[in-house]
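A quick write-up on the structure given underneath.
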Amino acid sequence: MEKSIYRYILEHTRRDQIFLILLTAISMPLIYYGLEIPKLIINNALGGEGVPSQVFGVEIDRLQFLLLLCFGYLLLAFINGGLKYIMNVYRGSLGERMLRRFRYTLYNRILRFPLARFKRVSSGEIIPMITAETEPLGGFIGDSIALPVFQGGLLMTYLFFIFNQGMWLGIVAIALFPPQMIIIPKLQRKVNELARQRVQNVRKLADHVGESVSGVSDIHSHYTRRYEQATISHRLGTIYDIRFDIYKRKFFIKFLNNFLAVLTPFFFYSIGGYLVLQGELSLGALVAVLAAYKDLASPWKELLKFYQITQDIKVKYAQIIEQFDLPDMFDPEIVETIPENLQPFEKSIITRNLSYKDEDDKKIIDRINTELPLDRHIAITGTSSTDTQTFAHLLARLINPASGQILVDNRDSAGFPEAIVGQQIAYSGSDSHVFNCSLTDNLLYGLKHQRVPEWDTPNLDVSEHKKREKESLASANSVDDPHANWIDYRASGASDPESFKNLINRILEAMEIDDEAFELGLTEIADLKRHPKLADQVLQIRKEISSKLAKPENAELVEFFDIEKYNTNLSVAENVVFGAPISADYQFDCLSGNELINGLLKEHGLDHIFLETGYQLTEIMLELFADLDEDDELFEQFSFIRAEDFPEYERIQKAVDMHSLDKLSNEDRQMLVALTYKLTPARHRLGLINDAIQPLILNVRKALRDALGDKNDEITFFNIEQYNPAISIQDNVIFGRIAYGKPKAQKSIRELIEAAVDQSQYRTEIIWSGLDFIAGAGGARLSLIQRQKIMVARCLFKNPDVLIVNNTLSALNPASQTRILENIIDFRKGKNLIWTLDNPDLEDHFDTVLAIKSGKLATSGE
């Protein structure tokens with residue numbers, strides 16, 4: 001990357017900068033005449049000196065001449081304003097476009113970082129560099145040349161005008177420029193150094209915050225809260241000291257500039273006034289000079305400010321480049337080259353004197369020579385997981401050897417483009433990642449090498465797509481549409497979409513993900529646009545299972561959705577709505593502020609009952625949880641009131657009692673009623689929603705349905721004859737809620753559903769709905785076992801020539817490991833499989849076993 005930010009700017013925006021300079025050159029004469037016209041108005045039109053009798057052959061009087069000058073002044077102001085508008089918009093667009101290019105470049109360089117780099121620098125440091133630290137560059141790049149040229153042009157125009165009025169006035173105008181040009185840069189250099197220190201300390205702060213987030217469970221379990229607070233306080237204090245020093249110096253510079261700016265008018269008034277009194281200068285000229293100097297101050301300040309910004313930006317740019325311009329990055333030719341045809345790997349992988357050293361120059365792999373046939377299943381064992389993991393990384397070309405070669409079919413893999421390695425070698429390890437997207441996207445991630453145009457479904461209209469494409473090209477960004485179809489099913493070995501679906505089912509079964517996806521599918525809300533057949537299938541299953549749920553042994557497992565009955569396993573809010581909310585106004589947390597429902601509560605005598613119930617709940621919650629810490633898990637599990645809201649409810653309890661609730665403000669009343677809506681009689685067993693209140697709630701339920709109508713945009717009401725798209729598949733199937741507190745109710749219901757689903761052969765559709773489940777950041781919504789299964793399954797979908805599994809399934813129990821390993825071996829029959837093992841009992845499943853001891857190949861067994 002360019003070391004100088006100006007070289008970087010000129011390399012990519014030369015033509016744009018020339019265009020802005022031309023606009024600036026056009027505007028300068030117009031600005032000059034904008035200064036000249038007020039002088040003509042005062043001296044000629046108003047003073048009566050030199051009023052022309054004709055303009056362009058048309059006779060005019062003094063008043064007409066005045067109006068002509070005024071409208072001319074207005075026209076010039078409009079044209080100058082329009083040119084400034086065009087230049088400002090163009091500069092802003094140019095800056096944002098270059099910022100987009102710069103961030104894209106930095107991101108691409110991250111993809112070329114060696115793995116060792118991520119051990120030294122955390123994401124907490126890298127992310128702010130690409131986001132927050134680059135933000136000022138966008139505004140600067142647009143202004144980098146155009147602004148000093150424009151402001152410098154303004155400055156010279158104003159000075160030229162002032163010198164035209166009088167030599168001494170011109171000398172006075174520029175008299176204080178030299179001191180400012182000498183003093184300000186010296187003061188600014190120290191500010192720049194402090195700014196550099198601030199950036200470094202903010203990065204350290206971000207890194208520490210990132211570590212705290214990652215290790216928050218350890219902070220809680222070891223009670224190191226005070227130590228971490230002390231550490232973060234010290235870092236914040238360091239940043240404060242630096243910023244305070246910057247403010248003192250920065251505002252002293254500003255004070256100095258402001259004082260010098262006031263000093264010059266003093267000389268104008270005194271010297272210029274003397275010249276007017278002596279008759280050596282006209283009053284109009286002095287007024288025009290004062291107006292010009294007033295305008296002169298702005299470009300001069302802008303230039304000084306620009307100088308300060310430039311120095312700061314140079315520091316920021318240099319610091320960013322330093323972090324992203326590494327000597328050991330992957331060669332761009334290897335990363336970016338896309339071969340026309342892929343030649344499958346068929347024979348073997350041969351290592352010749354393969355060695356690797358870590359950052360401390362310690363040898364991890366020491367001159368390993370071996371041959372790994374590509375039609376064999378090979379286990380790699382060792383006394384150190386570091387040795388086997390490093391060897392696996394070398395084979396997958398995630399790291400480069402210190403010396404030696406890796407030959408694939410007698411070709412040196414060091415020269416393979418990443419496109420070859422990424423498509424023909426699959427790697428899964430503990431360092432593999434589960435992305436924050438659906439399970440489907442995670443499983444098929446290895447097939448997203450490039451767009452598959454023949455399966456594209458446009459997500460944007462043509463004009464919008466063309467606009468985005470044009471901007472992407474202008475910013476040197478990728479023009480590919482991320483919403484297009486990227487899944488190349490042919491790369492998986494499937495011949496058509498139907499066979500690809502069968503392959504997905506086979507891999508899910510082999511990795512034992514199908515049962516887990518089925519569980520997720522039942523508990524999640526299905527996307528009927530992606531699974532249009534599901535609604536009819538679920539209604540069919542509902543009919544089949546309803547008879548089984550009606551049997552005496554199952555009668556108490558589910559409380560069905562019955563419009564005529566109060567459902568004690570639903571909250572008060574759910575009983576009132578008795579459906580799934582669609583609009584925000586009818587979300588359960590918002591009902592206390594819903595005008596229609598509040599009116600219905602009042603109409604049926606429930607408004608005051610709900611208010612009293614909320615007050616009683618407040619008293620109970622305050623009594624039970626008053627002495628607990630805010631981060632205690634009991635708050636989340638059992639309290640109706642969030643820990644941070646406790647002071648507000650304490651205030652309400654102290655302000656009124658049960659007999660004076662009418663004195664509460666509308667906001668406080670809503671807070672109490674909101675608690676009532678959370679009550680679920682079968683779960684909370686507080687006796688507050690008794691047999692006398694429940695019929696009243698049923699009346700409100702019916703009135704609400706009558707008011708909105710069965711078909712509306714607010715609520716999807718429960719209907720035994722229809723699929724409800726806003727509730728889970730399980731709730732749709734049983735058309736009710738599993739009874740709270742019944743032993744093994746959940747398990748029994750699940751078994752009944754599975755039996756009905758298997759009998760109807762609709763299981764696959766529910767599994768595919770479960771694959772829409774979003775995994776969360778880093779797979780946080782999944783268990784470690786689920787994440788590990790997905791990592792390996794992702795590799796199987798690629799159908800690679802070389803499959804490397806680096807002890808990925810370590811979280812599974814031995815029996816599960818054995819079953820899945822046998823499934824994978826069967827799946828990879830006749831194809832390569834390289835597996836690093838820490839369980840010697842599994843070695844018998846492999847054709848060949850390699851043992852690495854102290855970095856050297858110890859044995860090779862058949």
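Following the order of the structure tokens, chains are lettered A, B, ..., residues in each are numbered from 1, and ligands are numbered from 1.
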Exercise. Report as a PyMOL selection string: the residues of region 207-443 of chain A with a DSSP assignment of alpha helix (DSSP H), based on the backbone of this structure.
Key: chain A and resi 207-214+216-221+225-267+273-277+283-324+332-336+385-395+418-424+439-443
Would you write out, as a Markdown table, a table of all residues in region 696-785 of chain A that have an atom no more than 6 Å from an atom of region 516-532 of chain A, listing for each the closest atom pair and the distance in Å to one decimal, considering only C-alpha atoms and ordering rows by chain and rising residue number?
| residue | atom | partner | partner_atom | distance |
| --- | --- | --- | --- | --- |
| A:Ile727 | CA | A:Ile525 | CA | 5.5 |
| A:Ser728 | CA | A:Ile525 | CA | 4.3 |
| A:Ile729 | CA | A:Leu522 | CA | 4.9 |
| A:Gln730 | CA | A:Leu522 | CA | 4.8 |
| A:Ile766 | CA | A:Gly521 | CA | 5.3 |
| A:Ile767 | CA | A:Phe518 | CA | 4.4 |
| A:Ser769 | CA | A:Gly521 | CA | 5.2 |
| A:Gly770 | CA | A:Gly521 | CA | 3.4 |
| A:Leu771 | CA | A:Ala517 | CA | 5.9 |
Practice problem: Step one, run DSSP on the backbone; step two, keep only residues of region 683-784 of chain A assigned to strand (DSSP E); then write them as a count of residues only. | Solution: 6
Quiz item: With distances taken over only C-alpha atoms, which of A:Pro148, A:Gly72, A:Gly138, A:Gly778 is nearest to Gln17 (chain A)?
Solution: A:Pro148
Self-check item: Contact residues around Pro185 (chain A) with only C-alpha atoms at 10 Å, ignoring same-chain residues under 6 positions, as a ChimeraX atom specification
Solution: /A:191,253,304,307-308,311
Could you save those same residues with N, CA and C atoms as a compact mmCIF listing (two decimals), in the first residue's frame?
# COMPACT_ATOMS: atom_id res chain seq x y z
N VAL A 191 0.41 18.23 19.35
CA VAL A 191 -0.97 17.71 19.32
C VAL A 191 -1.02 16.42 18.51
N ILE A 253 -4.31 26.94 20.55
CA ILE A 253 -4.12 27.28 19.13
C ILE A 253 -5.33 28.08 18.63
N LEU A 304 -5.75 26.98 7.94
CA LEU A 304 -5.07 26.59 9.18
C LEU A 304 -5.68 25.31 9.76
N TYR A 307 -4.67 22.42 7.70
CA TYR A 307 -3.29 22.00 8.01
C TYR A 307 -3.28 21.09 9.25
N GLN A 308 -4.04 21.49 10.27
CA GLN A 308 -4.09 20.68 11.49
C GLN A 308 -4.69 19.30 11.20
N GLN A 311 -2.23 17.04 9.25
CA GLN A 311 -1.20 16.42 10.09
C GLN A 311 -1.78 15.25 10.89
Exercise. Tell me which of A:Asp481, A:Asp312, A:Glu228, A:Asp562 sits closest to Gln197 (chain A), counting only C-alpha atoms.
Key: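 Once distances to Gln197 (chain A) are computed over only C-alpha atoms, the minimum belongs to A:Asp312.
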Practice problem: List the neighbours of region 485-490 of chain A out to 10 Å using only C-alpha atoms; skip same-chain residues closer than 2 positions along the sequence, and give me the result as a PyMOL selection string. | Solution: chain A and resi 441+444-458+481-483+492-497+499-501+503+797-799
Residues from the last selection, C-alpha atoms, saved as a PDB file, in the first residue's frame:
ATOM      1  CA  ASP A 441     -25.958 -21.126   5.124  1.00  0.00           C
ATOM      2  CA  LEU A 444     -23.412 -24.956   2.558  1.00  0.00           C
ATOM      3  CA  TYR A 445     -20.811 -22.253   3.171  1.00  0.00           C
ATOM      4  CA  GLY A 446     -18.113 -24.314   1.458  1.00  0.00           C
ATOM      5  CA  LEU A 447     -20.077 -24.267  -1.816  1.00  0.00           C
ATOM      6  CA  LYS A 448     -20.185 -20.473  -2.066  1.00  0.00           C
ATOM      7  CA  HIS A 449     -17.068 -19.982  -4.183  1.00  0.00           C
ATOM      8  CA  GLN A 450     -18.739 -17.865  -6.836  1.00  0.00           C
ATOM      9  CA  ARG A 451     -22.168 -16.894  -8.090  1.00  0.00           C
ATOM     10  CA  VAL A 452     -24.230 -19.425  -9.995  1.00  0.00           C
ATOM     11  CA  PRO A 453     -25.972 -17.130 -12.535  1.00  0.00           C
ATOM     12  CA  GLU A 454     -28.312 -19.765 -13.948  1.00  0.00           C
ATOM     13  CA  TRP A 455     -29.970 -20.100 -10.529  1.00  0.00           C
ATOM     14  CA  ASP A 456     -30.059 -16.397  -9.725  1.00  0.00           C
ATOM     15  CA  THR A 457     -33.256 -14.859  -8.446  1.00  0.00           C
ATOM     16  CA  PRO A 458     -33.029 -11.042  -8.664  1.00  0.00           C
ATOM     17  CA  ASP A 481     -24.587  -9.395  -5.511  1.00  0.00           C
ATOM     18  CA  PRO A 482     -24.386 -11.180  -2.123  1.00  0.00           C
ATOM     19  CA  HIS A 483     -28.132 -11.880  -2.338  1.00  0.00           C
ATOM     20  CA  SER A 492     -20.978 -31.203  -4.107  1.00  0.00           C
ATOM     21  CA  GLY A 493     -21.241 -33.995  -6.657  1.00  0.00           C
ATOM     22  CA  ALA A 494     -25.013 -33.651  -7.117  1.00  0.00           C
ATOM     23  CA  SER A 495     -26.343 -33.723 -10.664  1.00  0.00           C
ATOM     24  CA  ASP A 496     -29.529 -31.696 -10.137  1.00  0.00           C
ATOM     25  CA  PRO A 497     -31.460 -29.904  -7.354  1.00  0.00           C
ATOM     26  CA  SER A 499     -30.214 -35.122  -5.926  1.00  0.00           C
ATOM     27  CA  PHE A 500     -28.722 -32.192  -3.978  1.00  0.00           C
ATOM     28  CA  LYS A 501     -31.652 -32.338  -1.530  1.00  0.00           C
ATOM     29  CA  LEU A 503     -27.373 -35.350  -0.436  1.00  0.00           C
ATOM     30  CA  PHE A 797     -20.824 -30.905   1.330  1.00  0.00           C
ATOM     31  CA  LYS A 798     -17.771 -29.671  -0.592  1.00  0.00           C
ATOM     32  CA  ASN A 799     -17.028 -33.194  -1.796  1.00  0.00           C
TER      33      ASN A 799
END
Quiz item: Out of A:Leu154, A:Ala426, A:Ile219, A:Leu106, which residue has the shortest atom-to-atom distance to Ile127 (chain A) when counting only C-alpha atoms?
Solution: A:Leu106
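For the residues A:Leu147, A:Ala402, A:Val216, A:Ile182, ranking by smallest atom-to-atom distance to Phe306 (chain A) using only C-alpha atoms places A:Leu147 first.
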